[in-house]
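Data first, discussion second: the structure below is written as structure tokens.
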Amino acid sequence: MSDLNDAHPIALPEKPALEGLESKWDSRWEAEGTYRFDRTRARHEIYSIDTPPPTVSGSLHVGHVFSYTHTDVIARFQRMRGKVVFYPMGWDDNGLPTERRVQNYYGVRCDPSLPYVPEFAPPDKPERPISISRPNFIELCNRLTVEDEKVFEQLWRHLGLSVDWSMTYATIDRGAQRASQTAFLRLLQRGQAYQLEAPTLWDVDFRSAVAQAELEDRDREGAYHRLRFARGPSSPGFVEIETTRPELIPACVALVAHPDDERYQPLFGTEVITPLFGVPVPVKAHALADPEKGSGIAMICTFGDLTDVTWWRELSLPVRAVIQPNGAFRPVAWGDRGWETTDAPRAQAAYDQLAGLSPEKARSRIVQLLRESGDLIGDPRPITHPVKFFEKGDRPLEIITSRQWFIKTTEFREAMLERGRELKWHPDYMRHRLENWVNGLSGDWCVSRQRFFGVPFPVWYPVGADGVVDYSRPLLPDEAALPIDPSTDVPTGYTASQRDVPNGFSGDPDIMDTWATSSLTPQITGRWLDDPDLFGRVFPMDLRPQAHDIIRTWLFSTVLRAHLEHDSLPWSNAAISGWVLDPDRKKMSKSKGNVVTPMALLEKHGSDGVRYWAASGRPGADTAFEENQMKVGRRLAMKLLNAARFALGATEPRGAIVEPLDRGMLTSLSALVEDATRHLDAYDYTRALEQTERFFWSFCDFYLELVKSRRYGDFGPEGAASANSAMLVALSTLLRLFAPYLPFVTEEVWSWWRPGSVHRSPWPVPGEVVAAIAGGDRQSAVVMEHAERALGDVRRIKALQKKPVKAVIARAVLPMALQPLMPAARDFQAAAHIRELAFEDIEEIRLDFAEESDAA
RNA sequence: GGGCGCGUGGCUCAGCGGUAGAGCAUCCGCUUCACACGCGGGGGGUCGAUGGUUCGAUUCCAUCCGCGCCCACCA
């Protein structure tokens with residue numbers, strides 16, 4: 001491997017320092033192409049990484065630095081093991097956050113119905129937002145994100161990510177759009193994507209459908225309202241139900257109770273009358289109704305929650321929708337030409353007070369009406385209950401019937417579970433998150449969004465002579481034409497003038513869910529369609545690094561897409577990183593105002609120091625933000641500089657490694673190499689670092705101190721030669737073991753005496769470390785162990801007696817148990833400043849101090 | 001309600017069947033020829049609780065308590 005007997009010039013700095021190493025080495029690495037990917041290599045020589053693209057419209061925070069460092073450690077390790085590492089960087093600029101930022105920054109709004117304007121330039125300061133076409137809007141998004149991406153790249157470089165910066169991608173770029181649209185068309189051809197008009201979870205502020213994966217529950221104040229429904233004419237009296245959403249009474253289509261509930265069995269098959277609106281609705285039986293909840297009988301509305309949707313579907317009930325896409329109650333006409341009721345004027349009068357209101361306002365209004373009519377029994381009972389929200393939204397989700405695109409998921413449940421078992425998880429227990437999610441899937445994946453900045457669906461529809469759009473016969477482009485934007489491009493056989501007119505065509509107005517694109521990152525980075533040769537060399541990839549909170553979204557959807565498109569896993573390993581927790585054990589996030597600027601941290605502690613802290617967070621473990629750990633990392637880096645300066649201060653003479661301490665040190669170093677390699681292979685970078693670090697400190701505190709005197713030539717040239725030769729092997733090995741964690745300081749030291757980059761040198765193997773001592777020397781390892789223990793004992797006694805470290809001991813008597821150190825007695829006596837050494841059958845060490853302290 | 005993870009010295013964390021470890025903090029000492037961005041040393045814990053298995057448990061099993069996260073059809 002590295003031949004340390006080469007004559008090489010050694011250039012030691014007078015006073016080594018960490019300052020400035022980041023920019024020095026970043027530019028050197030860039031100039032020398034240190035991390036350049038070599039695409040001529042075969043698949044088995046390549047280690048490919050499906051890098052998560054950070055959202056560029058936000059800012060990088062400590063959590064990014066943390067998890068990206070983990071990936072970089074793995075990447076550097078694999079590179080040194082001889083793999084060509086495919087390590088691109090992506091930017092997630094697709095989606096809502098960018099859309100909002102561009103709207104504010106340029107003062108524009110997107111209107112997909114407008115035609116593209118070439119050479120469009122946004123006005124300097126528009127008085128009001130101007131409307132522009134979707135392609136123009138996307139151009140502006142691209143323009144702005146380019147600026148954001150520069151800032152990101154600068155930070156990543158400063159942190160020392162060994163990314164090949166000639167390979168970057170963006171989730172809205174042409175390649176991403178082409179991959180997304182092509183994959184979508186193929187899903188469609190295979191019958192794995194479909195379009196459906198159905199009740200869908202809907203955010204009333206974004207005015208878009210959202211997917212199950214984007215939901216979160218939030219606890220909200222609410223109240224149970226006990227209401228009475230009049231029984232039909234045949235059996236006078238009332239039925240009482242409880243609801244948290246009384247405003248949906250006009251949307252009520254039935255009552256439901258459990259089939260075994262004897263209280264309500266007599267009512268099944270009969271009709272009751274809704275309060276205020278006088279609508280006769282049937283009483284139904286369904287097993288989902290819980291006799292324990294409320295009064296045991298519930299009202300079914302279209303639609304108050306997902307259970308309503310189930311009941312509505314399974315009981316074949318009609319639709320009475322009252323909430324519009326913007327969340328307001330829509331106008332409804334009761335009576336002869338409108339909705340069914342027994343009392344049209346009364347129903348209309350009641351409803352008129354709700355029309356146009358938000359659900360929240362409608363609720364308080366209807367409670368008043370119910371009180372007045374006497375249909376509210378008692379006072380509402382306040383409760384706190386979980387309510388579904390879009391994770392980025394501010395108001396509770398509604399369920400709106402609309403036409404949406406879906407990708408089939410539920411019929412692949414078993415396949416997904418099997419893929420989850422096939423995937424190697426780090427840590428393994430994260431697999432449960434995926435299983436949990438897959439088992440809880442309640443419907444197919446809704447992938448269409450009624451937004452603008454995203455990948456459009458590559459679909460048009462014919463418009464009939466009557467002007468009605470025929471969704472059942474979509475017009476599809478050729479794959480070769482992709483990507484297209486149906487809001488400006490024209491389907492084959494039509495002209496632009498036929499857009500949205502009878503006998504013409506109409507473009508699908510929607511864009512894809514951001515995860516519908518992100519789920520193809522392996523295909524996008526591997527240039528699936530544009531460069532099949534490259535794709536074959538990197539896919540399926542080796543590693544997906546990501547955080548645990550997006551297992552249900554990013555990880556799940558990527559596995560699904562690869563399964564459907566390639567019948568394989570997208571990667572063989574998933575390394576799940578935890579979060580960075582602030583001192584209050586909460587996730588660090590911008591909204592909590594506790595985020596520290598990453599660049600400031602890197603400058604304060606040095607990138608190596610910060611990386612050291614990051615690497616102390618085990619895979620999957622949430623980790624405390626600890627500046628102390630960064631200081632420790634920085635200290636370690638300093639120690640490396642100084643230890644190296646010592647080792648390289650005098651490298652001659654050199655020769656056979658014959659001294660027991662030198663042989664013992666190398667023997668345990670080779671064991672360390674074996675352990676560290678095993679742990680890194682298993683993605684346990686933390687343990688590998690811990691062990692390397694422990695060895696290194698002991699190496700400095702004991703080994704270097706013990707051999708110092710001999711190394712300076714006090715016992716002749718052979719002894720010095722043995723020490724020098726051993727130290728060079730140790731330094732070379734330790735630098736390489738630390739290189740994935742502390743890329744800057746290790747490269748700096750490497751440059752003092754070795755050619756090339758430490759990051760391109762081969763990872764050490766146990767055999768090379770002990771090559772010069774015939775494969776290891778256990779006996780000498782025992783000698784070293786006893787010498788270290790004895791030196792520790794002497795130090796303790798000196799410290800307790802408050803003697804200087806250099807205090808000379810005229811005679812030392814050691815317990816017989818330490819006698820195995822004898823082969824290294826010379827080194828030991830020199831390090832401990834002992835003139836005469838003896839062993840007796842005693843428990844405690846005995847020291848007779850000499851008068852002078854500097855006679856050594 | 002289900003699942004997962006975690007509870008070890010003041011703090012951050014290792015250990016995981018054989019009478020407790022590290023770093024930081026704290027205290028004491030040292031201008032030692034690689035390093036004062038340093039070196040050496042001391043003190044400090046009945047390993048969340050209770051049972052069980054075992055010759056022996058912080059380590060295995062069960063139950064419970066606390067913290068966190070994920071998931072759930074939440075009228």
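Letters A, B, ... mark the chains of the structure tokens in the order given; residue numbers begin at 1 per chain; ligand numbers begin at 1, in order shown.
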
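Residues in contact with B:U32 at 10 Å, where only C-alpha atoms (C1' of nucleotides) are counted and same-chain residues fewer than 4 positions away are skipped, are listed as Pro804, Val805 and Lys806 of chain A; C39 and G40 of chain B.
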
Q: Step one, run DSSP on the backbone; step two, keep only residues of stretch 206-324 of chain A assigned to strand (DSSP E or B); then write them as a PyMOL selection string.
A: chain A and resi 208-209+215-231+238-243+252-257+271-273+280-285+297-301+323

Q) stretch 12-26 of chain B: which residues within 10 Å, counting only C-alpha atoms (C1' of nucleotides), same-chain residues fewer than 2 positions away excluded, as a list in words? A) Ser616, Gly617, Thr623, Ala624, Phe625, Glu626, Asn628, Gln629, Lys631, Val632, Arg687, Glu690 and Arg694 of chain A; U8, G10, G43, G44, G45, C47, U54, G56, A57, U58, U59 and C60 of chain B

Q. Do you know which residues are at most 12 Å from B:A75 counting only C-alpha atoms (C1' of nucleotides), after dropping those on the same chain fewer than 4 positions away, and could you put them as a ChimeraX atom specification?
A. /A:223-227,241-246,248,255-257,288-301,303-308,311

(Q) as a PyMOL selection string, please: every residue in stretch 644-836 of chain A that a backbone DSSP assignment puts in helix (DSSP H, G or I). (A) chain A and resi 644-649+660-681+685-711+717-738+743-753+758-760+766-769+771-773+778-800+816-832

Q) If we count only C-alpha atoms (C1' of nucleotides), which residues of chain B reach to within 6 Å of chain A? Please list them as number ranges by chain. A) B: 29-30, 34-35, 41, 71, 73-75
